[in-house]
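*Asks:* Following this line is run.cif, made up of mmCIF, C-alpha atoms:
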data_input
loop_
_atom_site.label_atom_id
_atom_site.label_comp_id
_atom_site.auth_asym_id
_atom_site.auth_seq_id
_atom_site.Cartn_x
_atom_site.Cartn_y
_atom_site.Cartn_z
CA MET G 29 -125.45 -42.87 6.11
CA LEU G 30 -126.74 -44.78 9.13
CA TYR G 31 -130.27 -44.33 7.78
CA GLY G 32 -129.26 -46.43 4.78
CA ALA G 33 -128.57 -49.40 7.07
CA TYR G 34 -131.12 -49.00 9.86
CA GLY G 35 -134.02 -47.35 8.04
CA GLY G 36 -136.49 -45.34 10.09
CA THR G 37 -137.64 -47.98 12.60
CA PRO G 38 -137.16 -46.50 16.10
CA LEU G 39 -136.26 -49.89 17.63
CA TYR G 40 -133.40 -50.30 15.17
CA LEU G 41 -132.24 -46.72 15.50
CA ARG G 42 -131.92 -47.25 19.24
CA GLN G 43 -129.08 -49.65 18.44
CA VAL G 44 -127.03 -46.70 17.11
CA ASP G 45 -124.37 -45.31 19.42
CA PRO G 46 -123.71 -41.67 18.38
CA ARG G 47 -120.25 -41.85 19.95
CA LEU G 48 -119.16 -44.50 17.43
CA SER G 49 -118.31 -44.32 13.73
CA LEU G 50 -120.46 -45.69 10.92
CA LYS G 51 -118.15 -48.72 10.70
CA GLU G 52 -118.29 -49.43 14.43
CA ASN G 53 -122.08 -49.12 14.59
CA ILE G 54 -122.58 -51.46 11.63
CA GLU G 55 -120.16 -53.98 13.09
CA ASN G 56 -121.92 -53.89 16.47
CA SER G 57 -125.45 -54.06 15.04
CA PHE G 58 -125.12 -56.26 11.94
CA LEU G 59 -121.80 -58.00 11.47
CA ARG G 60 -121.13 -59.77 14.75
CA PRO G 61 -122.93 -63.14 14.96
CA THR G 62 -124.26 -62.05 18.37
CA ALA G 63 -125.43 -58.62 17.08
CA TYR G 64 -129.04 -57.52 17.52
CA LEU G 65 -129.73 -57.29 13.76
CA TYR G 66 -127.59 -60.23 12.65
CA GLU G 67 -130.62 -62.52 12.23
CA GLU G 68 -133.41 -59.93 12.38
CA PRO G 69 -134.85 -60.22 8.81
CA LEU G 70 -135.08 -64.02 9.07
CA LEU G 71 -136.70 -63.83 12.51
CA LEU G 72 -139.26 -61.33 11.20
CA LEU G 73 -140.10 -63.51 8.20
CA ARG G 74 -140.58 -66.55 10.44
CA GLN G 75 -143.06 -64.56 12.52
CA GLU G 76 -145.00 -63.12 9.58
CA VAL G 77 -145.19 -65.79 6.85
CA GLN G 78 -145.28 -69.47 6.13
CA GLU G 79 -142.41 -70.79 3.99
CA PRO G 80 -139.99 -68.03 5.11
CA GLY G 81 -137.23 -69.66 3.06
CA VAL G 82 -139.07 -68.93 -0.20
CA TYR G 83 -139.76 -65.35 0.84
CA SER G 84 -136.12 -64.92 1.79
CA ALA G 85 -135.04 -66.28 -1.61
CA ILE G 86 -137.26 -63.71 -3.34
CA ILE G 87 -135.77 -60.84 -1.35
CA GLU G 88 -132.30 -62.21 -2.04
CA ALA G 89 -133.05 -62.29 -5.77
CA ILE G 90 -134.17 -58.66 -5.73
CA ALA G 91 -131.11 -57.67 -3.71
CA GLY G 92 -129.00 -59.42 -6.34
CA GLY G 93 -130.43 -57.33 -9.18
CA ALA G 94 -133.59 -59.15 -10.29
CA SER G 95 -136.26 -56.47 -10.54
CA ARG G 96 -139.01 -57.89 -12.75
CA ALA G 97 -141.38 -60.69 -11.78
CA ASN G 98 -140.08 -63.12 -14.42
CA GLU G 99 -136.47 -62.46 -13.40
CA ILE G 100 -137.29 -63.07 -9.75
CA ALA G 101 -139.13 -66.30 -10.58
CA THR G 102 -136.19 -67.52 -12.67
CA LYS G 103 -133.66 -66.79 -9.92
CA THR G 104 -135.72 -68.47 -7.21
CA GLY G 105 -136.85 -71.40 -9.34
CA GLU G 106 -140.46 -70.80 -8.32
CA PRO G 107 -143.38 -70.81 -10.82
CA ALA G 108 -144.19 -67.26 -11.92
CA ALA G 109 -147.80 -67.29 -10.63
CA LYS G 110 -146.75 -68.60 -7.23
CA CYS G 111 -143.90 -66.12 -7.07
CA LEU G 112 -146.28 -63.21 -7.70
CA LYS G 113 -148.37 -64.24 -4.67
CA TYR G 114 -145.30 -64.20 -2.45
CA ILE G 115 -144.25 -60.84 -3.91
CA ALA G 116 -147.71 -59.42 -3.16
CA SER G 117 -147.38 -60.54 0.47
CA LEU G 118 -143.95 -58.90 0.78
CA CYS G 119 -145.42 -55.68 -0.62
CA GLU G 120 -148.19 -55.80 1.99
CA LEU G 121 -145.56 -56.22 4.70
CA GLY G 122 -143.73 -53.13 3.42
CA ILE G 123 -140.52 -55.04 2.77
CA ILE G 124 -140.57 -54.54 -1.01
CA ASP G 125 -142.57 -52.27 -3.28
CA ARG G 126 -143.63 -52.10 -6.90
CA GLN G 127 -142.33 -49.15 -8.89
CA THR G 128 -143.89 -47.93 -12.14
CA PRO G 129 -142.33 -45.23 -14.35
CA PHE G 130 -143.89 -41.83 -13.73
CA GLY G 131 -146.79 -41.24 -16.07
CA GLU G 132 -147.35 -44.94 -16.83
CA LYS G 133 -150.37 -46.96 -15.75
CA THR G 134 -149.86 -49.11 -12.65
CA SER G 135 -150.36 -52.18 -14.86
CA SER G 136 -147.37 -51.19 -17.01
CA ARG G 137 -145.03 -54.02 -18.01
CA LYS G 138 -142.17 -51.65 -17.23
CA SER G 139 -142.90 -51.96 -13.52
CA ILE G 140 -140.12 -53.24 -11.28
CA TYR G 141 -139.76 -54.42 -7.69
CA ARG G 142 -137.23 -53.19 -5.17
CA ILE G 143 -136.53 -53.60 -1.45
CA SER G 144 -138.12 -50.61 0.26
CA ASP G 145 -137.18 -51.48 3.86
CA PHE G 146 -133.60 -50.24 4.21
CA MET G 147 -132.72 -52.60 7.07
CA PHE G 148 -133.73 -55.56 4.88
CA ARG G 149 -131.94 -54.04 1.89
CA PHE G 150 -128.70 -53.60 3.83
CA TRP G 151 -128.89 -57.06 5.40
CA TYR G 152 -129.50 -58.90 2.13
CA ARG G 153 -126.79 -56.94 0.37
CA TYR G 154 -124.02 -57.23 2.94
CA VAL G 155 -124.86 -59.79 5.62
CA SER G 156 -126.80 -62.64 4.04
CA GLY G 157 -124.17 -63.72 1.51
CA ASN G 158 -121.24 -63.14 3.86
CA LYS G 159 -122.30 -65.22 6.85
CA THR G 160 -119.57 -67.81 6.35
CA LEU G 161 -116.96 -65.06 6.51
CA LEU G 162 -118.62 -63.33 9.46
CA GLU G 163 -118.83 -66.57 11.41
CA THR G 164 -115.14 -67.30 10.86
CA ASP G 165 -113.90 -64.01 12.35
CA ALA G 166 -113.53 -62.22 9.01
CA MET G 167 -115.68 -59.23 9.97
CA GLU G 168 -112.90 -56.76 9.16
CA LEU G 169 -112.50 -58.24 5.66
CA VAL G 170 -116.26 -58.03 5.03
CA TRP G 171 -116.15 -54.35 5.94
CA LYS G 172 -113.03 -53.52 3.90
CA ARG G 173 -113.78 -55.56 0.77
CA LYS G 174 -117.56 -55.84 0.63
CA ILE G 175 -119.11 -52.83 2.36
CA GLU G 176 -116.69 -49.89 2.35
CA PRO G 177 -115.94 -49.91 -1.43
CA ASP G 178 -119.64 -50.31 -2.32
CA TYR G 179 -121.43 -48.20 0.27
CA SER G 180 -121.46 -44.92 -1.68
CA HIS G 181 -123.14 -46.73 -4.58
CA TYR G 182 -125.57 -48.38 -2.15
CA MET G 183 -126.45 -44.96 -0.73
CA GLY G 184 -127.67 -43.68 -4.11
CA LEU G 185 -131.18 -45.08 -3.71
CA VAL G 186 -131.24 -44.11 -0.04
CA PHE G 187 -130.37 -40.52 -0.93
CA GLU G 188 -133.04 -40.49 -3.63
CA GLN G 189 -135.63 -41.54 -1.06
CA ALA G 190 -134.42 -38.86 1.35
CA CYS G 191 -134.73 -36.25 -1.44
CA ARG G 192 -138.26 -37.42 -2.15
CA GLU G 193 -139.26 -37.09 1.50
CA TYR G 194 -137.66 -33.63 1.62
CA LEU G 195 -139.67 -32.49 -1.40
CA LEU G 196 -142.88 -33.88 0.12
CA ARG G 197 -142.26 -31.87 3.31
CA LYS G 198 -141.54 -28.66 1.41
CA ASN G 199 -144.53 -29.24 -0.87
CA SER G 200 -146.88 -29.65 2.11
CA ARG G 201 -145.68 -26.27 3.42
CA GLY G 202 -145.99 -24.55 0.04
CA GLU G 203 -142.24 -23.90 -0.13
CA LEU G 204 -141.70 -25.01 -3.73
CA PRO G 205 -142.44 -23.08 -6.94
CA ILE G 206 -144.76 -25.95 -7.89
CA LEU G 207 -147.57 -27.45 -5.79
CA PHE G 208 -147.36 -31.03 -6.94
CA THR G 209 -149.96 -33.76 -6.61
CA GLU G 210 -147.87 -36.60 -8.07
CA ILE G 211 -144.27 -37.64 -7.60
CA GLY G 212 -142.28 -40.66 -8.79
CA SER G 213 -139.29 -41.87 -10.76
CA TRP G 214 -139.12 -42.28 -14.52
CA TRP G 215 -137.16 -44.64 -16.75
CA GLY G 216 -137.45 -45.48 -20.41
CA THR G 217 -135.75 -45.36 -23.81
CA ASP G 218 -133.87 -42.34 -25.13
CA ARG G 219 -134.96 -42.54 -28.75
CA ASN G 220 -132.69 -39.60 -29.61
CA SER G 221 -129.55 -41.54 -28.71
CA PRO G 222 -127.76 -43.58 -31.41
CA GLU G 223 -128.37 -46.91 -29.66
CA HIS G 224 -131.73 -46.05 -28.06
CA ALA G 225 -130.06 -46.23 -24.66
CA GLN G 226 -131.99 -46.47 -21.41
CA ALA G 227 -132.42 -43.22 -19.50
CA GLU G 228 -133.67 -42.35 -16.01
CA VAL G 229 -134.89 -39.32 -14.09
CA ASP G 230 -134.54 -39.80 -10.34
CA LEU G 231 -137.68 -37.84 -9.42
CA VAL G 232 -140.48 -36.21 -11.40
CA ALA G 233 -143.21 -34.15 -9.72
CA ARG G 234 -146.31 -32.77 -11.42
CA GLY G 235 -148.91 -30.24 -10.40
CA GLU G 236 -151.50 -29.70 -13.13
CA GLY G 237 -149.36 -28.73 -16.16
CA ASP G 238 -146.26 -27.76 -14.16
CA TYR G 239 -143.31 -30.12 -13.71
CA LEU G 240 -140.29 -30.44 -11.44
CA PHE G 241 -137.49 -32.75 -12.63
CA CYS G 242 -134.87 -33.81 -10.08
CA GLU G 243 -131.48 -35.46 -10.09
CA CYS G 244 -130.03 -36.81 -6.82
CA LYS G 245 -126.27 -37.45 -6.64
CA TRP G 246 -124.54 -39.08 -3.68
CA ARG G 247 -120.97 -38.44 -4.77
CA ASN G 248 -117.76 -37.24 -3.16
CA GLN G 249 -117.29 -34.65 -5.93
CA PRO G 250 -119.34 -31.49 -6.53
CA LEU G 251 -122.19 -32.00 -8.98
CA ASP G 252 -121.15 -30.64 -12.40
CA TYR G 253 -122.95 -28.91 -15.25
CA THR G 254 -123.27 -32.04 -17.40
CA VAL G 255 -125.77 -33.42 -14.87
CA LEU G 256 -128.03 -30.41 -15.42
CA GLU G 257 -127.67 -30.71 -19.20
CA LYS G 258 -128.71 -34.38 -19.09
CA LEU G 259 -131.66 -33.59 -16.84
CA ARG G 260 -132.93 -30.92 -19.24
CA HIS G 261 -132.63 -33.36 -22.13
CA ARG G 262 -134.37 -36.17 -20.27
CA ALA G 263 -137.25 -33.93 -19.23
CA ASP G 264 -138.32 -33.94 -22.88
CA LEU G 265 -138.21 -37.73 -22.90
CA VAL G 266 -140.72 -37.81 -20.05
CA THR G 267 -143.08 -35.31 -21.70
CA ARG G 268 -142.99 -32.25 -23.93
CA GLN G 269 -146.47 -31.19 -22.88
CA ARG G 270 -145.54 -28.89 -20.02
CA GLU G 271 -146.48 -25.44 -18.88
CA LYS G 272 -143.84 -24.30 -16.38
CA THR G 273 -140.75 -26.42 -15.75
CA TRP G 274 -138.22 -26.45 -12.91
CA PHE G 275 -135.08 -28.48 -12.40
CA ALA G 276 -133.85 -29.49 -8.93
CA LEU G 277 -130.35 -30.81 -8.28
CA PHE G 278 -129.57 -32.56 -5.00
CA SER G 279 -125.91 -33.11 -4.12
CA LYS G 280 -124.06 -34.66 -1.20
CA THR G 281 -121.01 -32.45 -1.71
CA GLY G 282 -122.18 -29.23 -3.34
CA PHE G 283 -121.91 -27.92 -6.88
CA THR G 284 -119.31 -26.71 -9.35
CA ASP G 285 -119.01 -22.99 -10.10
CA ALA G 286 -120.67 -23.52 -13.49
CA VAL G 287 -123.79 -24.96 -11.85
CA LEU G 288 -123.89 -22.19 -9.23
CA ARG G 289 -123.65 -19.52 -11.95
CA GLU G 290 -126.44 -21.17 -13.94
CA ALA G 291 -128.70 -21.24 -10.88
CA GLU G 292 -128.03 -17.54 -10.27
CA LYS G 293 -129.16 -16.52 -13.74
CA ASP G 294 -131.91 -19.13 -14.27
CA GLU G 295 -134.61 -19.18 -11.59
CA SER G 296 -135.91 -22.53 -12.88
CA VAL G 297 -132.79 -24.24 -11.50
CA LEU G 298 -133.01 -25.17 -7.81
CA LEU G 299 -130.02 -26.42 -5.81
CA PHE G 300 -130.14 -28.42 -2.58
CA ASP G 301 -127.30 -29.92 -0.55
CA LEU G 302 -127.19 -31.93 2.66
CA LYS G 303 -127.18 -28.78 4.81
CA ASP G 304 -130.43 -27.62 3.20
CA MET G 305 -132.04 -31.02 3.69
CA MET G 306 -131.04 -31.27 7.35
CA ALA G 307 -131.99 -27.72 8.28
#
Would you encode the structure as structure tokens?
*Replies:*
Amino acid sequence: MLYGAYGGTPLYLRQVDPRLSLKENIENSFLRPTAYLYEEPLLLLRQEVQEPGVYSAIIEAIAGGASRANEIATKTGEPAAKCLKYIASLCELGIIDRQTPFGEKTSSRKSIYRISDFMFRFWYRYVSGNKTLLETDAMELVWKRKIEPDYSHYMGLVFEQACREYLLRKNSRGELPILFTEIGSWWGTDRNSPEHAQAEVDLVARGEGDYLFCECKWRNQPLDYTVLEKLRHRADLVTRQREKTWFALFSKTGFTDAVLREAEKDESVLLFDLKDMMA
């Protein structure tokens, strides 16, 4: 869970005290006005770019839910063309990235932007908008009302990224039933649903005609059978032109008996929990 706040930068990870809890580490590193990371994103922007205020507003807009270029431009009040130049610079710096649904061209209008640097993502989600509270000795309230109730939801994307990195490691060692050459996320319309609802697949990997579809759940309850059913359905939304197909389920807290039984009888179902990923 610390990875979700500090990311993988060694300098930031050195701020972590393993003797302290998640709460205590975050308070000491982020929430105190004298903390090492309290102003870090703004200091970095001032070093790297001109007009750091505009860049900060763009990151803030993405942190607040704007994911497409026109949405970001609207939230920041910047002209769309100018905004795209700033976005391109932030992508070059590795602070944000551009995501395209798996199987789509990189020029797809479905592409979205997200904050890829987890330290920036955490800071703009929990520190930036709460500075008035933090600077009036309300650190405990920020933790209890802003961070603690939301952090499991925040960790969803972090866990997805960790699952992706785990698959890449196993793939490079030939430890998966598929040797994939592409991996990404997919989102689109479920035309089989009554209201043409939006659907997502956390990770899709492809090697020639073989596919691996993955769902990553950071929940306090065991992953249940309905998640596998949805994943099987959504695989057909991504593509029906497949040779061999596997389904991988990643869970923070294990699996229900129904999922375990299905994995025993169906070799195309792969199960991974935190112990597997940290081994």
*Asks:* Return the single residue from G:Ala233, G:Glu67, G:Glu176, G:Tyr194 that is closest to G:Lys303, with distances computed using all atoms listed in the file.
*Replies:*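 Of G:Ala233, G:Glu67, G:Glu176, G:Tyr194, the one nearest G:Lys303 is G:Tyr194, counting all atoms listed in the file.
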*Asks:* Give as an mmCIF file with C-alpha atoms, in the frame of the given file each residue that has an atom at most 12 Å from (-120.1, -48.9, 12.3) in the file, counting all atoms listed in the file.
*Replies:*
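So part_14.cif came out as:
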data_model
loop_
_atom_site.group_PDB
_atom_site.id
_atom_site.type_symbol
_atom_site.label_atom_id
_atom_site.label_comp_id
_atom_site.auth_asym_id
_atom_site.auth_seq_id
_atom_site.Cartn_x
_atom_site.Cartn_y
_atom_site.Cartn_z
ATOM 1 C CA MET G 29 -125.450 -42.870 6.110
ATOM 2 C CA LEU G 30 -126.740 -44.780 9.130
ATOM 3 C CA ALA G 33 -128.570 -49.400 7.070
ATOM 4 C CA TYR G 34 -131.120 -49.000 9.860
ATOM 5 C CA GLN G 43 -129.080 -49.650 18.440
ATOM 6 C CA VAL G 44 -127.030 -46.700 17.110
ATOM 7 C CA ASP G 45 -124.370 -45.310 19.420
ATOM 8 C CA PRO G 46 -123.710 -41.670 18.380
ATOM 9 C CA ARG G 47 -120.250 -41.850 19.950
ATOM 10 C CA LEU G 48 -119.160 -44.500 17.430
ATOM 11 C CA SER G 49 -118.310 -44.320 13.730
ATOM 12 C CA LEU G 50 -120.460 -45.690 10.920
ATOM 13 C CA LYS G 51 -118.150 -48.720 10.700
ATOM 14 C CA GLU G 52 -118.290 -49.430 14.430
ATOM 15 C CA ASN G 53 -122.080 -49.120 14.590
ATOM 16 C CA ILE G 54 -122.580 -51.460 11.630
ATOM 17 C CA GLU G 55 -120.160 -53.980 13.090
ATOM 18 C CA ASN G 56 -121.920 -53.890 16.470
ATOM 19 C CA SER G 57 -125.450 -54.060 15.040
ATOM 20 C CA PHE G 58 -125.120 -56.260 11.940
ATOM 21 C CA LEU G 59 -121.800 -58.000 11.470
ATOM 22 C CA ARG G 60 -121.130 -59.770 14.750
ATOM 23 C CA MET G 167 -115.680 -59.230 9.970
ATOM 24 C CA GLU G 168 -112.900 -56.760 9.160
ATOM 25 C CA TRP G 171 -116.150 -54.350 5.940
ATOM 26 C CA LYS G 172 -113.030 -53.520 3.900
ATOM 27 C CA ILE G 175 -119.110 -52.830 2.360
ATOM 28 C CA GLU G 176 -116.690 -49.890 2.350
#
*Asks:* Residues within 7 Å of (-119.8, -60.2, 0.9), file coordinates, counting all atoms listed in the file: what are they? Give the list as a list in words.
*Replies:*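 The answer, in the requested form, is Tyr154, Val155, Gly157, Asn158, Val170 and Lys174 of chain G.
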*Asks:* Find the residues around G:Leu256 up to 9 Å (only C-alpha atoms counted), leave out those fewer than 6 positions away in its own chain, and share them as a CSV table (one decimal) with C-alpha atoms, keeping the file's coordinate frame.
*Replies:*
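In the end it all went to selection-v4.csv:
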chain,number,residue,atom,x,y,z
G,243,GLU,CA,-131.5,-35.5,-10.1
G,275,PHE,CA,-135.1,-28.5,-12.4
G,276,ALA,CA,-133.8,-29.5,-8.9
G,277,LEU,CA,-130.4,-30.8,-8.3
G,287,VAL,CA,-123.8,-25.0,-11.8
G,297,VAL,CA,-132.8,-24.2,-11.5
*Asks:* Quick one: everything within 8 Å of stretch 178-187 of chain G, counting only C-alpha atoms, minus sequence neighbours fewer than 3 positions away in the same chain. Send it as an MDAnalysis selection string.
*Replies:* chainID G and resid 29 31:32 146 174:175 190:191 244:247
*Asks:* Using the chain letters and numbering of this document, enumerate as a ChimeraX atom specification the residues selected by the PyMOL selection byres ((chain G and resi 218) around 12).
*Replies:* /G:214-217,219-229,258,261-266
*Asks:* Could you pull the residues within 9 Å of G:Phe208, counting all atoms listed in the file, minus those fewer than 6 positions along the same chain, as a ChimeraX atom specification?
*Replies:* /G:196,199,233-236,238-240
*Asks:* Export C-alpha atoms of the chosen residues as a PDB file, in the coordinates of the input?
*Replies:*
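Resulting contents of part_5.pdb:
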ATOM      1  CA  LEU G 196    -142.880 -33.880   0.120  1.00  0.00           C
ATOM      2  CA  ASN G 199    -144.530 -29.240  -0.870  1.00  0.00           C
ATOM      3  CA  ALA G 233    -143.210 -34.150  -9.720  1.00  0.00           C
ATOM      4  CA  ARG G 234    -146.310 -32.770 -11.420  1.00  0.00           C
ATOM      5  CA  GLY G 235    -148.910 -30.240 -10.400  1.00  0.00           C
ATOM      6  CA  GLU G 236    -151.500 -29.700 -13.130  1.00  0.00           C
ATOM      7  CA  ASP G 238    -146.260 -27.760 -14.160  1.00  0.00           C
ATOM      8  CA  TYR G 239    -143.310 -30.120 -13.710  1.00  0.00           C
ATOM      9  CA  LEU G 240    -140.290 -30.440 -11.440  1.00  0.00           C
TER      10      LEU G 240
END
*Asks:* Pull out every residue that the PyMOL selection byres ((chain G and resi 296) around 8) matches in the shown coordinates and put them as number ranges by chain.
*Replies:* G: 273-275, 291, 294-295, 297-298
*Asks:* Can you tell me, as a list in words, what residues are no more than 10 Å from G:Arg96 when counting all atoms listed in the file, ignoring any on the same chain fewer than 5 positions away?
*Replies:* Ile90, Ala101, Arg126, Arg137, Lys138, Ser139, Ile140, Tyr141 and Arg142 of chain G
